[in-house]
Each structure stands twice: as C-alpha cells, then as structure tokens.
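*Asks:* Next comes data.cif, mmCIF, C-alpha atoms:
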```cif
data_query
loop_
_atom_site.group_PDB
_atom_site.id
_atom_site.type_symbol
_atom_site.label_atom_id
_atom_site.label_comp_id
_atom_site.auth_asym_id
_atom_site.auth_seq_id
_atom_site.Cartn_x
_atom_site.Cartn_y
_atom_site.Cartn_z
ATOM 1 C CA MET B 1 104.589 108.687 106.292
ATOM 2 C CA PHE B 2 102.938 110.389 103.307
ATOM 3 C CA MET B 3 102.794 107.187 101.283
ATOM 4 C CA GLN B 4 101.456 105.286 104.285
ATOM 5 C CA ARG B 5 98.793 107.924 104.728
ATOM 6 C CA ARG B 6 97.755 107.735 101.087
ATOM 7 C CA THR B 7 97.382 103.969 101.418
ATOM 8 C CA VAL B 8 95.081 104.246 104.432
ATOM 9 C CA PHE B 9 92.841 106.856 102.883
ATOM 10 C CA ARG B 10 92.663 104.986 99.583
ATOM 11 C CA ASN B 11 91.401 101.985 101.512
ATOM 12 C CA LEU B 12 88.959 103.962 103.627
ATOM 13 C CA GLN B 13 87.835 106.920 101.562
ATOM 14 C CA ALA B 14 84.498 105.328 100.693
ATOM 15 C CA CYS B 15 83.603 104.528 104.302
ATOM 16 C CA VAL B 16 80.440 106.121 105.660
ATOM 17 C CA LEU B 17 78.302 105.527 108.712
ATOM 18 C CA LEU B 18 76.550 102.236 108.166
ATOM 19 C CA VAL B 19 72.988 101.890 109.411
ATOM 20 C CA LEU B 20 71.446 98.454 109.078
ATOM 21 C CA ALA B 21 67.729 97.899 109.255
ATOM 22 C CA GLY B 22 67.504 95.128 111.843
ATOM 23 C CA VAL B 23 64.643 92.725 111.499
ATOM 24 C CA ALA B 24 65.078 90.362 114.430
ATOM 25 C CA VAL B 25 62.729 90.790 117.367
ATOM 26 C CA GLU B 26 64.792 88.719 119.791
ATOM 27 C CA ALA B 27 68.457 88.869 120.713
ATOM 28 C CA ARG B 28 68.757 85.126 120.252
ATOM 29 C CA GLY B 29 72.291 84.267 119.234
ATOM 30 C CA TYR B 30 73.579 87.830 119.616
ATOM 31 C CA ASP B 31 76.992 87.909 121.308
ATOM 32 C CA PRO B 32 78.950 91.196 121.491
ATOM 33 C CA LEU B 33 82.084 89.301 122.524
ATOM 34 C CA ALA B 34 82.146 87.025 119.482
ATOM 35 C CA ILE B 35 85.100 87.690 117.161
ATOM 36 C CA ASP B 36 87.144 85.772 114.638
ATOM 37 C CA PRO B 37 89.969 84.236 116.735
ATOM 38 C CA ASN B 38 92.322 84.625 113.776
ATOM 39 C CA PHE B 39 91.614 88.331 113.316
ATOM 40 C CA GLN B 40 94.625 90.628 113.439
ATOM 41 C CA PRO B 41 93.768 94.323 113.059
ATOM 42 C CA GLN B 42 95.734 96.500 110.711
ATOM 43 C CA VAL B 43 97.101 99.433 112.700
ATOM 44 C CA ARG B 44 98.057 102.786 111.172
ATOM 45 C CA ASP B 45 99.703 105.671 113.006
ATOM 46 C CA LEU B 46 98.956 109.009 111.365
ATOM 47 C CA THR B 47 99.011 112.694 112.242
ATOM 48 C CA VAL B 48 96.136 115.112 111.754
ATOM 49 C CA HIS B 49 97.341 118.669 111.171
ATOM 50 C CA ASP B 50 94.926 121.362 112.328
ATOM 51 C CA ALA B 51 96.034 124.344 110.238
ATOM 52 C CA SER B 52 93.791 126.782 112.117
ATOM 53 C CA ARG B 53 95.747 126.115 115.320
ATOM 54 C CA ASN B 54 99.005 124.951 113.746
ATOM 55 C CA ARG B 55 98.655 121.846 115.880
ATOM 56 C CA ASP B 56 99.504 118.240 115.069
ATOM 57 C CA VAL B 57 97.251 115.580 116.593
ATOM 58 C CA PRO B 58 98.581 112.001 116.442
ATOM 59 C CA VAL B 59 96.040 109.234 115.871
ATOM 60 C CA ARG B 60 96.209 105.456 115.813
ATOM 61 C CA ILE B 61 93.680 103.717 113.574
ATOM 62 C CA TYR B 62 92.606 100.101 114.068
ATOM 63 C CA LEU B 63 91.114 98.770 110.827
ATOM 64 C CA PRO B 64 88.562 95.969 110.426
ATOM 65 C CA ALA B 65 89.139 92.922 108.274
ATOM 66 C CA ASN B 66 87.604 94.214 105.062
ATOM 67 C CA GLU B 67 87.084 97.481 103.195
ATOM 68 C CA LYS B 68 83.313 97.566 103.475
ATOM 69 C CA PRO B 69 81.659 100.762 104.787
ATOM 70 C CA ALA B 70 82.011 100.859 108.568
ATOM 71 C CA PRO B 71 81.146 103.156 111.476
ATOM 72 C CA ILE B 72 83.960 105.057 113.172
ATOM 73 C CA VAL B 73 84.627 105.083 116.917
ATOM 74 C CA LEU B 74 86.875 107.819 118.335
ATOM 75 C CA PHE B 75 88.722 107.291 121.625
ATOM 76 C CA SER B 76 90.154 110.081 123.809
ATOM 77 C CA HIS B 77 92.789 108.928 126.325
ATOM 78 C CA GLY B 78 93.095 109.990 129.957
ATOM 79 C CA LEU B 79 95.642 112.352 131.480
ATOM 80 C CA GLY B 80 99.168 111.159 130.701
ATOM 81 C CA GLY B 81 98.007 108.597 128.148
ATOM 82 C CA SER B 82 98.585 108.207 124.425
ATOM 83 C CA ARG B 83 97.085 106.778 121.250
ATOM 84 C CA ALA B 84 98.736 103.463 122.165
ATOM 85 C CA GLY B 85 96.715 102.993 125.356
ATOM 86 C CA SER B 86 93.629 100.810 125.912
ATOM 87 C CA LYS B 87 94.426 98.824 122.791
ATOM 88 C CA PHE B 88 92.176 96.008 124.033
ATOM 89 C CA LEU B 89 89.281 98.265 123.059
ATOM 90 C CA GLY B 90 90.669 99.217 119.646
ATOM 91 C CA GLU B 91 91.443 95.627 118.738
ATOM 92 C CA HIS B 92 88.022 94.331 119.786
ATOM 93 C CA TRP B 93 86.057 97.107 118.113
ATOM 94 C CA ALA B 94 88.031 96.569 114.893
ATOM 95 C CA ALA B 95 87.365 92.827 115.112
ATOM 96 C CA ARG B 96 83.670 93.678 115.308
ATOM 97 C CA GLY B 97 83.863 95.702 112.103
ATOM 98 C CA TYR B 98 84.426 99.233 113.426
ATOM 99 C CA ILE B 99 87.181 101.661 112.475
ATOM 100 C CA ALA B 100 88.641 102.687 115.837
ATOM 101 C CA VAL B 101 90.505 106.001 115.848
ATOM 102 C CA PHE B 102 92.513 106.633 119.022
ATOM 103 C CA VAL B 103 93.342 110.321 119.425
ATOM 104 C CA GLN B 104 96.444 111.576 121.257
ATOM 105 C CA HIS B 105 96.278 115.037 122.849
ATOM 106 C CA PRO B 106 99.651 116.868 122.977
ATOM 107 C CA GLY B 107 100.068 118.747 126.233
ATOM 108 C CA SER B 108 98.192 116.191 128.325
ATOM 109 C CA ASP B 109 99.651 113.002 126.858
ATOM 110 C CA ASP B 110 102.461 110.719 128.041
ATOM 111 C CA ALA B 111 105.126 113.306 127.173
ATOM 112 C CA VAL B 112 104.018 115.143 130.324
ATOM 113 C CA TRP B 113 105.503 112.527 132.636
ATOM 114 C CA LYS B 114 108.038 110.790 130.386
ATOM 115 C CA ASP B 115 110.078 113.973 130.089
ATOM 116 C CA ALA B 116 110.003 114.718 133.824
ATOM 117 C CA ALA B 117 112.222 113.399 136.595
ATOM 118 C CA PRO B 118 110.433 110.748 138.712
ATOM 119 C CA GLU B 119 110.042 113.087 141.680
ATOM 120 C CA GLU B 120 108.540 115.776 139.435
ATOM 121 C CA ARG B 121 106.046 113.667 137.527
ATOM 122 C CA MET B 122 103.034 114.129 139.783
ATOM 123 C CA ALA B 123 103.419 117.913 139.758
ATOM 124 C CA ALA B 124 103.779 117.866 135.975
ATOM 125 C CA MET B 125 100.590 115.821 135.654
ATOM 126 C CA ARG B 126 98.660 118.232 137.857
ATOM 127 C CA MET B 127 99.810 121.166 135.730
ATOM 128 C CA ALA B 128 98.725 119.318 132.590
ATOM 129 C CA ALA B 129 95.185 118.889 133.945
ATOM 130 C CA SER B 130 94.476 122.514 133.066
ATOM 131 C CA LEU B 131 91.704 124.473 131.411
ATOM 132 C CA GLU B 132 94.067 125.246 128.549
ATOM 133 C CA ASN B 133 94.644 121.565 127.834
ATOM 134 C CA PHE B 134 90.955 120.810 128.247
ATOM 135 C CA LEU B 135 90.134 123.318 125.506
ATOM 136 C CA LEU B 136 92.933 121.980 123.309
ATOM 137 C CA ARG B 137 91.486 118.485 123.698
ATOM 138 C CA VAL B 138 87.949 119.624 122.939
ATOM 139 C CA HIS B 139 89.083 121.242 119.688
ATOM 140 C CA ASP B 140 91.207 118.217 118.755
ATOM 141 C CA VAL B 141 88.037 116.173 118.316
ATOM 142 C CA PRO B 142 86.388 118.194 115.523
ATOM 143 C CA ALA B 143 89.791 118.600 113.878
ATOM 144 C CA VAL B 144 90.117 114.824 113.667
ATOM 145 C CA ILE B 145 86.509 114.410 112.520
ATOM 146 C CA ASP B 146 87.107 117.047 109.854
ATOM 147 C CA GLU B 147 90.038 115.001 108.594
ATOM 148 C CA LEU B 148 87.889 111.886 108.490
ATOM 149 C CA GLU B 149 84.753 113.525 107.122
ATOM 150 C CA VAL B 150 85.495 112.784 103.480
ATOM 151 C CA TRP B 151 84.646 109.154 104.192
ATOM 152 C CA ASN B 152 82.456 109.393 107.282
ATOM 153 C CA LYS B 153 79.519 111.682 107.844
ATOM 154 C CA SER B 154 79.124 111.140 111.580
ATOM 155 C CA GLY B 155 80.647 109.161 114.412
ATOM 156 C CA PRO B 156 80.585 108.135 118.063
ATOM 157 C CA LEU B 157 83.115 108.975 120.722
ATOM 158 C CA ALA B 158 84.564 107.101 123.676
ATOM 159 C CA GLY B 159 86.804 108.536 126.337
ATOM 160 C CA HIS B 160 88.374 107.761 129.713
ATOM 161 C CA SER B 161 89.161 110.085 132.632
ATOM 162 C CA PHE B 162 90.383 113.413 131.141
ATOM 163 C CA GLY B 163 89.170 111.839 127.903
ATOM 164 C CA ALA B 164 85.749 111.382 129.530
ATOM 165 C CA VAL B 165 85.659 115.092 130.335
ATOM 166 C CA THR B 166 86.561 115.739 126.695
ATOM 167 C CA THR B 167 83.841 113.377 125.515
ATOM 168 C CA GLU B 168 81.190 114.939 127.730
ATOM 169 C CA ALA B 169 82.063 118.394 126.383
ATOM 170 C CA VAL B 170 81.741 117.514 122.704
ATOM 171 C CA SER B 171 78.694 115.258 122.958
ATOM 172 C CA GLY B 172 76.123 117.417 124.698
ATOM 173 C CA GLU B 173 77.407 119.011 127.915
ATOM 174 C CA THR B 174 76.520 122.606 128.717
ATOM 175 C CA LEU B 175 79.681 124.185 130.105
ATOM 176 C CA PRO B 176 79.464 125.740 133.581
ATOM 177 C CA THR B 177 79.052 129.485 134.158
ATOM 178 C CA SER B 178 79.061 130.492 130.492
ATOM 179 C CA GLY B 179 76.418 128.023 129.349
ATOM 180 C CA VAL B 180 78.455 127.481 126.187
ATOM 181 C CA LYS B 181 77.993 124.216 124.305
ATOM 182 C CA LEU B 182 80.911 122.710 122.387
ATOM 183 C CA THR B 183 78.819 119.854 121.014
ATOM 184 C CA ASP B 184 79.835 118.463 117.642
ATOM 185 C CA PRO B 185 76.610 117.442 115.850
ATOM 186 C CA ARG B 186 78.434 114.753 113.891
ATOM 187 C CA ILE B 187 78.779 112.625 117.045
ATOM 188 C CA ARG B 188 75.947 110.109 117.224
ATOM 189 C CA ALA B 189 76.606 108.285 120.528
ATOM 190 C CA ALA B 190 79.125 108.384 123.378
ATOM 191 C CA VAL B 191 80.696 106.012 125.870
ATOM 192 C CA ILE B 192 81.935 107.855 128.973
ATOM 193 C CA LEU B 193 84.521 105.947 131.019
ATOM 194 C CA SER B 194 84.802 107.457 134.519
ATOM 195 C CA PRO B 195 82.244 110.263 134.088
ATOM 196 C CA SER B 196 82.147 113.281 136.398
ATOM 197 C CA VAL B 197 80.333 116.538 137.049
ATOM 198 C CA PRO B 198 82.214 119.866 136.740
ATOM 199 C CA LYS B 199 82.940 121.434 140.132
ATOM 200 C CA SER B 200 81.324 124.765 139.312
ATOM 201 C CA THR B 201 77.879 123.521 138.269
ATOM 202 C CA THR B 202 75.282 120.844 138.904
ATOM 203 C CA ALA B 203 74.758 117.622 136.999
ATOM 204 C CA GLU B 204 71.359 118.851 135.793
ATOM 205 C CA GLN B 205 72.799 122.099 134.447
ATOM 206 C CA ALA B 206 75.673 120.303 132.732
ATOM 207 C CA PHE B 207 73.910 117.266 131.287
ATOM 208 C CA GLY B 208 70.173 117.891 131.385
ATOM 209 C CA VAL B 209 69.891 118.603 127.653
ATOM 210 C CA VAL B 210 72.145 115.877 126.240
ATOM 211 C CA LYS B 211 70.388 114.626 123.114
ATOM 212 C CA ILE B 212 72.343 111.515 122.074
ATOM 213 C CA PRO B 213 72.678 108.080 123.702
ATOM 214 C CA TRP B 214 75.287 107.848 126.466
ATOM 215 C CA LEU B 215 76.765 104.748 128.062
ATOM 216 C CA LEU B 216 78.470 105.494 131.384
ATOM 217 C CA MET B 217 81.044 103.161 132.921
ATOM 218 C CA THR B 218 82.666 103.483 136.328
ATOM 219 C CA GLY B 219 83.673 101.377 139.317
ATOM 220 C CA THR B 220 83.013 101.420 143.046
ATOM 221 C CA LYS B 221 86.633 102.519 143.609
ATOM 222 C CA ASP B 222 87.015 104.706 140.525
ATOM 223 C CA THR B 223 88.955 107.654 141.908
ATOM 224 C CA ALA B 224 92.075 109.222 140.415
ATOM 225 C CA LEU B 225 95.223 110.613 142.005
ATOM 226 C CA ILE B 226 94.694 113.883 140.131
ATOM 227 C CA GLY B 227 91.387 115.713 139.973
ATOM 228 C CA PRO B 228 88.481 116.165 142.397
ATOM 229 C CA ALA B 229 86.088 113.558 140.983
ATOM 230 C CA ASP B 230 84.761 111.162 143.607
ATOM 231 C CA MET B 231 82.096 108.479 143.420
ATOM 232 C CA LYS B 232 79.340 110.983 144.201
ATOM 233 C CA SER B 233 80.373 113.002 141.161
ATOM 234 C CA ARG B 234 80.669 109.946 138.918
ATOM 235 C CA LEU B 235 77.241 108.615 139.862
ATOM 236 C CA ALA B 236 75.503 112.000 139.545
ATOM 237 C CA VAL B 237 75.715 112.056 135.743
ATOM 238 C CA TYR B 238 73.256 109.242 134.963
ATOM 239 C CA PRO B 239 70.184 110.646 136.796
ATOM 240 C CA ALA B 240 70.793 114.064 135.187
ATOM 241 C CA LEU B 241 70.390 112.684 131.650
ATOM 242 C CA HIS B 242 66.915 113.146 130.133
ATOM 243 C CA GLY B 243 65.303 112.596 126.758
ATOM 244 C CA ALA B 244 67.849 110.232 125.192
ATOM 245 C CA PRO B 245 68.760 106.590 125.806
ATOM 246 C CA LYS B 246 71.120 106.181 128.755
ATOM 247 C CA TYR B 247 72.940 103.282 130.383
ATOM 248 C CA GLN B 248 75.279 102.887 133.344
ATOM 249 C CA VAL B 249 77.451 100.098 134.699
ATOM 250 C CA VAL B 250 79.264 100.306 138.031
ATOM 251 C CA LEU B 251 81.862 97.560 138.296
ATOM 252 C CA ASN B 252 82.416 96.211 141.783
ATOM 253 C CA LYS B 253 85.856 97.097 143.199
ATOM 254 C CA ALA B 254 86.980 98.501 139.846
ATOM 255 C CA GLU B 255 89.591 101.229 140.173
ATOM 256 C CA HIS B 256 90.359 104.018 137.714
ATOM 257 C CA SER B 257 92.771 101.755 135.836
ATOM 258 C CA ALA B 258 90.077 99.175 135.030
ATOM 259 C CA PHE B 259 89.553 100.899 131.671
ATOM 260 C CA THR B 260 93.247 100.771 130.743
ATOM 261 C CA ASP B 261 95.648 98.012 129.750
ATOM 262 C CA ARG B 262 97.529 97.901 133.045
ATOM 263 C CA ALA B 263 97.462 98.970 136.680
ATOM 264 C CA LEU B 264 98.238 102.562 137.646
ATOM 265 C CA PRO B 265 100.421 103.844 140.507
ATOM 266 C CA GLY B 266 98.455 103.762 143.743
ATOM 267 C CA ASP B 267 96.177 100.860 142.780
ATOM 268 C CA ARG B 268 95.263 98.647 145.720
ATOM 269 C CA GLU B 269 92.794 96.161 144.285
ATOM 270 C CA PRO B 270 93.839 93.143 142.188
ATOM 271 C CA ARG B 271 92.726 93.531 138.594
ATOM 272 C CA ASN B 272 89.593 91.574 137.771
ATOM 273 C CA PRO B 273 89.764 90.139 134.226
ATOM 274 C CA ASN B 274 85.978 90.094 134.001
ATOM 275 C CA HIS B 275 85.934 93.894 134.072
ATOM 276 C CA HIS B 276 87.461 94.048 130.578
ATOM 277 C CA ARG B 277 84.959 91.428 129.439
ATOM 278 C CA VAL B 278 82.078 93.609 130.619
ATOM 279 C CA ILE B 279 83.576 96.769 129.114
ATOM 280 C CA LEU B 280 84.033 95.106 125.735
ATOM 281 C CA ALA B 281 80.586 93.490 125.705
ATOM 282 C CA LEU B 282 78.623 96.570 126.741
ATOM 283 C CA SER B 283 80.483 99.039 124.540
ATOM 284 C CA THR B 284 80.174 96.759 121.510
ATOM 285 C CA ALA B 285 76.461 96.135 122.029
ATOM 286 C CA PHE B 286 75.954 99.887 122.504
ATOM 287 C CA TRP B 287 77.759 100.702 119.232
ATOM 288 C CA ASP B 288 75.868 97.949 117.414
ATOM 289 C CA ALA B 289 72.528 99.239 118.703
ATOM 290 C CA TYR B 290 73.030 102.949 118.076
ATOM 291 C CA LEU B 291 75.399 103.059 115.101
ATOM 292 C CA ARG B 292 74.265 100.053 113.136
ATOM 293 C CA GLY B 293 70.624 100.018 114.166
ATOM 294 C CA ASP B 294 71.029 96.384 115.207
ATOM 295 C CA ARG B 295 67.778 95.429 116.920
ATOM 296 C CA ASP B 296 69.287 92.271 118.389
ATOM 297 C CA ALA B 297 71.922 94.394 120.106
ATOM 298 C CA LEU B 298 69.253 96.728 121.498
ATOM 299 C CA VAL B 299 67.209 93.787 122.772
ATOM 300 C CA TRP B 300 70.386 92.409 124.380
ATOM 301 C CA LEU B 301 71.011 95.758 126.120
ATOM 302 C CA LYS B 302 67.392 96.072 127.271
ATOM 303 C CA GLY B 303 67.150 92.496 128.468
ATOM 304 C CA ASP B 304 69.323 90.006 130.306
ATOM 305 C CA GLY B 305 72.369 90.452 128.077
ATOM 306 C CA PRO B 306 74.353 92.805 130.318
ATOM 307 C CA ARG B 307 73.763 90.650 133.385
ATOM 308 C CA SER B 308 74.990 87.603 131.497
ATOM 309 C CA VAL B 309 78.531 89.022 131.404
ATOM 310 C CA MET B 310 78.543 90.838 134.760
ATOM 311 C CA GLN B 311 79.271 89.527 138.205
ATOM 312 C CA THR B 312 76.641 89.625 140.926
ATOM 313 C CA ALA B 313 77.973 92.707 142.709
ATOM 314 C CA ASP B 314 78.183 94.822 139.533
ATOM 315 C CA ASP B 315 75.361 97.354 139.121
ATOM 316 C CA TRP B 316 73.494 97.984 135.860
ATOM 317 C CA LYS B 317 70.944 100.635 134.958
ATOM 318 C CA ALA B 318 69.259 101.109 131.585
ATOM 319 C CA ALA B 319 66.762 103.603 130.207
ATOM 320 C CA PRO B 320 66.901 102.852 126.471
ATOM 321 C CA ALA B 321 63.763 104.652 125.309
ATOM 322 C CA LYS B 322 63.430 108.394 124.766
#
```
Transcribe the structure of this file into structure tokens.
*Replies:*
Amino acid sequence: MFMQRRTVFRNLQACVLLVLAGVAVEARGYDPLAIDPNFQPQVRDLTVHDASRNRDVPVRIYLPANEKPAPIVLFSHGLGGSRAGSKFLGEHWAARGYIAVFVQHPGSDDAVWKDAAPEERMAAMRMAASLENFLLRVHDVPAVIDELEVWNKSGPLAGHSFGAVTTEAVSGETLPTSGVKLTDPRIRAAVILSPSVPKSTTAEQAFGVVKIPWLLMTGTKDTALIGPADMKSRLAVYPALHGAPKYQVVLNKAEHSAFTDRALPGDREPRNPNHHRVILALSTAFWDAYLRGDRDALVWLKGDGPRSVMQTADDWKAAPAK
C-alpha cells in the first residue's frame, strides 16, 4: 500500500486547479458527453489518515489519461454506500480530464448493513443516519482536502443523499439553531444530488448566503426509505440560493437510486438510462464552466444544451449570473 501510494502522489504531486481562459463565444461543437471510447481510467484505492481524530478515511481515485495539471472532484456517497459506488460518474469525469476522488465515510458506509443480519439492516441504517456520523462526514472532507492540498489548491465537491447533506454543509450552508458554518473555502463549486432542507430551519436560513455555484439534481420520485426529506424539501433549496450561479434539474420519474449504479430496495419505477446521460452531461458541463473557465461549457449550460440531452418531462432551471 505504501509503495502504491508513493506512485500515485509522484504522478499527481504537481497537479493544481486548472483555469483556462476560454475564448469562444458560442458553444458550437461543445459536447460534455464526448470521451475517448478507448479510455480506461487508472483507479487507486488509498487511505487518508486524519491524525487529529485518529480516523482512517478510505478514498478511491479515478485518474485521467495524462499527468497534466487537472481539477479535482470529490464525491461523498449516500448512507450505506462506499467509495466503490456511482463509478459511472468517476469514470466519466476522469475521461473528461478530472481527478475524481470518491470518499468513504466509516460509520455510515456499507459496513453498516453488510455486518448486520438481513432483518436488522434497516434499523442499523437508521442508527447510522445520526448527528454523530454527519459531523464525522463533514470533517472527513477537509481531512481529505488537506491530504490532497500539496498538489491542489482548491476543489469542487459532489455528493448524493447523506453525501448531499455533507456537501451542503461544507460548501456554504448555515447550520440550524447554532448558525455555525462548516464551509471549507477551498471548495469552488458543488453538485448536490438529492438536496434537502434541515428539519429545524428554513431553506432561506440554511442556504441564503451560499457563495459558490451549486448544481442541484433530483427526481420527481426522489424519496428515500430513511430520512424525512420529501419532494417539497428537495425543491425548496433552489429558490433559497442567492448571489451565486445556481442550476436545477428534476428528472421525471427518477427515484433516489437514479444517481447510483443500480436500483435500491423499494424502487418501483423502471430505471431510465437517459437519466445517467443527463447526470453526466450536466455535471461535466458544470465542472467545465466553473473549474476550467470554459466559456463554451457556460454557453451550453445557459442555452439549449441541457434540453438537448433531457426528455420532455424533465424540468430545468438556470440562473447562471450573480
């Protein structure tokens, strides 16, 4: 493991956030789904040790094809997930030239249900969706960024479900009651998969002062077996955002599992393969626009690009300007 780790960091130690000065005024020819069909990402499994908490945080890193400087995307899995989940995102982002770092959160990862008897798994999952694990997750993010900071000065974050709650907390949310902010200033943009509003506050109080671009993704049937978030809560986040670019897609008939590799227990709708196509296209264009300064990507987001990959019943909202 140590030698493998040295190899990865030797290859990546010079990587920093890459900002390109785009010159195109039209998105002509821009395609966020275009990748080299022969691309095979290099995948590295490593462990970040947070000495201050004596906590090990597993990560899976998807590497792009070359060793040029590249932006970093962090992904925080949902309750009961792992660094191995949603690999369709890691593989595509790496194919597009990003270093995708998938973070695994001990205490709310797949060990919660794998180690429990089948009849006890749901109760174990509910116990894992705790304030304690939320705070552990929130502090996992800066610990991982600290580990990466020698070769990256800032980065975005993506997250799904419990990972979305984590992402909201570290990218601009004001926590309920206390008013505490756990924002990490090194995060430059965020994709929130299945967003929600905390029960004990309002959307305006929680998200009214977010200062970085957010892309929200949900579905018309995006509810989870665990947790109180309903569609009202998911859709309340977007109108509460002010002063920074914001985007939202609502995928028709998409369930909570639409953002994962496979169906989840309790799913009732057949999986729609176009949902992954939309998720990949929008997230990639968003990263290109706000991490690389790609003007073609921004024009694509502001124009007809999103609709070109969506189906008629999908809903799209965009407010790209500050």
*Asks:* In terms of the shortest atom-to-atom distance over all atoms listed in the file, which of B:Asp222, B:Asp288, B:Glu119, B:Glu168 is closest to Ala258 (chain B)?
*Replies:*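 The answer is B:Asp222, which sits nearest to Ala258 (chain B).
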*Asks:* May I have the protein, DNA and RNA residues with any atom at most 10 Å from the point (103.4, 110.1, 137.2), counting all atoms listed in the file, written as a VMD selection string?
*Replies:* chain B and resid 79 to 80 110 112 to 114 116 to 126 225 to 226 264 to 265
*Asks:* What do you get, as a list in words, if you spell out every residue that the PyMOL selection byres ((chain B and resi 203-211) around 6) selects here?
*Replies:*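 The output of the PyMOL selection byres ((chain B and resi 203-211) around 6) on this file is Gly172, Glu173, Thr174, Val197, Thr202, Ile212, Val237, Ala240, Leu241, His242 and Ala244 of chain B.
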*Asks:* To one decimal place, how far is CA of Thr284 (chain B) from CA of Asp140 (chain B) in Å?
*Replies:*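 Distance between the two atoms: 24.3 Å.
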*Asks:* Can you work out which one of B:Ala263, B:Val141, B:Ala318, B:Ala297 has the shortest atom-to-atom distance to Tyr30 (chain B), counting all atoms listed in the file?
*Replies:*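 Of B:Ala263, B:Val141, B:Ala318, B:Ala297, the one nearest Tyr30 (chain B), counting all atoms listed in the file, is B:Ala297.
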*Asks:* Since I can't run it myself right now, could you work out what the PyMOL selection byres ((chain B and resi 56-60) around 12) selects here and report it as a compact mmCIF listing (two decimals) with C-alpha atoms, in the coordinates of the input?
*Replies:*
```txt
# COMPACT_ATOMS: atom_id res chain seq x y z
CA ARG B 5 98.79 107.92 104.73
CA VAL B 8 95.08 104.25 104.43
CA PRO B 41 93.77 94.32 113.06
CA GLN B 42 95.73 96.50 110.71
CA VAL B 43 97.10 99.43 112.70
CA ARG B 44 98.06 102.79 111.17
CA ASP B 45 99.70 105.67 113.01
CA LEU B 46 98.96 109.01 111.36
CA THR B 47 99.01 112.69 112.24
CA VAL B 48 96.14 115.11 111.75
CA HIS B 49 97.34 118.67 111.17
CA ASP B 50 94.93 121.36 112.33
CA ALA B 51 96.03 124.34 110.24
CA SER B 52 93.79 126.78 112.12
CA ARG B 53 95.75 126.12 115.32
CA ASN B 54 99.00 124.95 113.75
CA ARG B 55 98.66 121.85 115.88
CA ILE B 61 93.68 103.72 113.57
CA TYR B 62 92.61 100.10 114.07
CA LEU B 63 91.11 98.77 110.83
CA VAL B 73 84.63 105.08 116.92
CA LEU B 74 86.88 107.82 118.34
CA PHE B 75 88.72 107.29 121.62
CA SER B 76 90.15 110.08 123.81
CA HIS B 77 92.79 108.93 126.32
CA SER B 82 98.58 108.21 124.42
CA ARG B 83 97.08 106.78 121.25
CA ALA B 84 98.74 103.46 122.16
CA GLY B 85 96.72 102.99 125.36
CA SER B 86 93.63 100.81 125.91
CA LYS B 87 94.43 98.82 122.79
CA GLY B 90 90.67 99.22 119.65
CA GLU B 91 91.44 95.63 118.74
CA ILE B 99 87.18 101.66 112.48
CA ALA B 100 88.64 102.69 115.84
CA VAL B 101 90.50 106.00 115.85
CA PHE B 102 92.51 106.63 119.02
CA VAL B 103 93.34 110.32 119.42
CA GLN B 104 96.44 111.58 121.26
CA HIS B 105 96.28 115.04 122.85
CA PRO B 106 99.65 116.87 122.98
CA GLY B 107 100.07 118.75 126.23
CA SER B 108 98.19 116.19 128.32
CA ASP B 109 99.65 113.00 126.86
CA LEU B 136 92.93 121.98 123.31
CA ARG B 137 91.49 118.48 123.70
CA VAL B 138 87.95 119.62 122.94
CA HIS B 139 89.08 121.24 119.69
CA ASP B 140 91.21 118.22 118.76
CA VAL B 141 88.04 116.17 118.32
CA PRO B 142 86.39 118.19 115.52
CA ALA B 143 89.79 118.60 113.88
CA VAL B 144 90.12 114.82 113.67
CA ILE B 145 86.51 114.41 112.52
CA GLU B 147 90.04 115.00 108.59
CA LEU B 148 87.89 111.89 108.49
```
*Asks:* One decimal, in Å: what's the spacing between CA of Ser171 (chain B) and CA of Arg188 (chain B)?
*Replies:*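 Distance reported for this atom pair: 8.2 Å.
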*Asks:* What does the distance between CA of Pro69 (chain B) and CA of Arg186 (chain B) come to in Å, to one decimal place?
*Replies:*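 If I compute the distance from CA of Pro69 (chain B) to CA of Arg186 (chain B), I get 17.0 Å.
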*Asks:* Tell me which protein, DNA and RNA residues are within 12 Å of Asn66 (chain B), counting all atoms listed in the file, leaving out same-chain ones fewer than 4 positions away, and put them as a list of chain:residue names.
*Replies:*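 Everything that qualifies: B:Asn11, B:Leu12, B:Cys15, B:Phe39, B:Gln40, B:Pro41, B:Gln42, B:Tyr62, B:Ala70, B:Ala94, B:Ala95, B:Arg96, B:Gly97, B:Tyr98, B:Ile99.
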*Asks:* May I have the selected residues written with C-alpha atoms, as a short mmCIF file (atom, residue, chain, number, x, y, z; two decimals), in the frame of the given file?
*Replies:*
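To be explicit, this is the file written out as part.cif:
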```cif
data_model
loop_
_atom_site.label_atom_id
_atom_site.label_comp_id
_atom_site.auth_asym_id
_atom_site.auth_seq_id
_atom_site.Cartn_x
_atom_site.Cartn_y
_atom_site.Cartn_z
CA ASN B 11 91.40 101.98 101.51
CA LEU B 12 88.96 103.96 103.63
CA CYS B 15 83.60 104.53 104.30
CA PHE B 39 91.61 88.33 113.32
CA GLN B 40 94.62 90.63 113.44
CA PRO B 41 93.77 94.32 113.06
CA GLN B 42 95.73 96.50 110.71
CA TYR B 62 92.61 100.10 114.07
CA ALA B 70 82.01 100.86 108.57
CA ALA B 94 88.03 96.57 114.89
CA ALA B 95 87.36 92.83 115.11
CA ARG B 96 83.67 93.68 115.31
CA GLY B 97 83.86 95.70 112.10
CA TYR B 98 84.43 99.23 113.43
CA ILE B 99 87.18 101.66 112.48
#
```
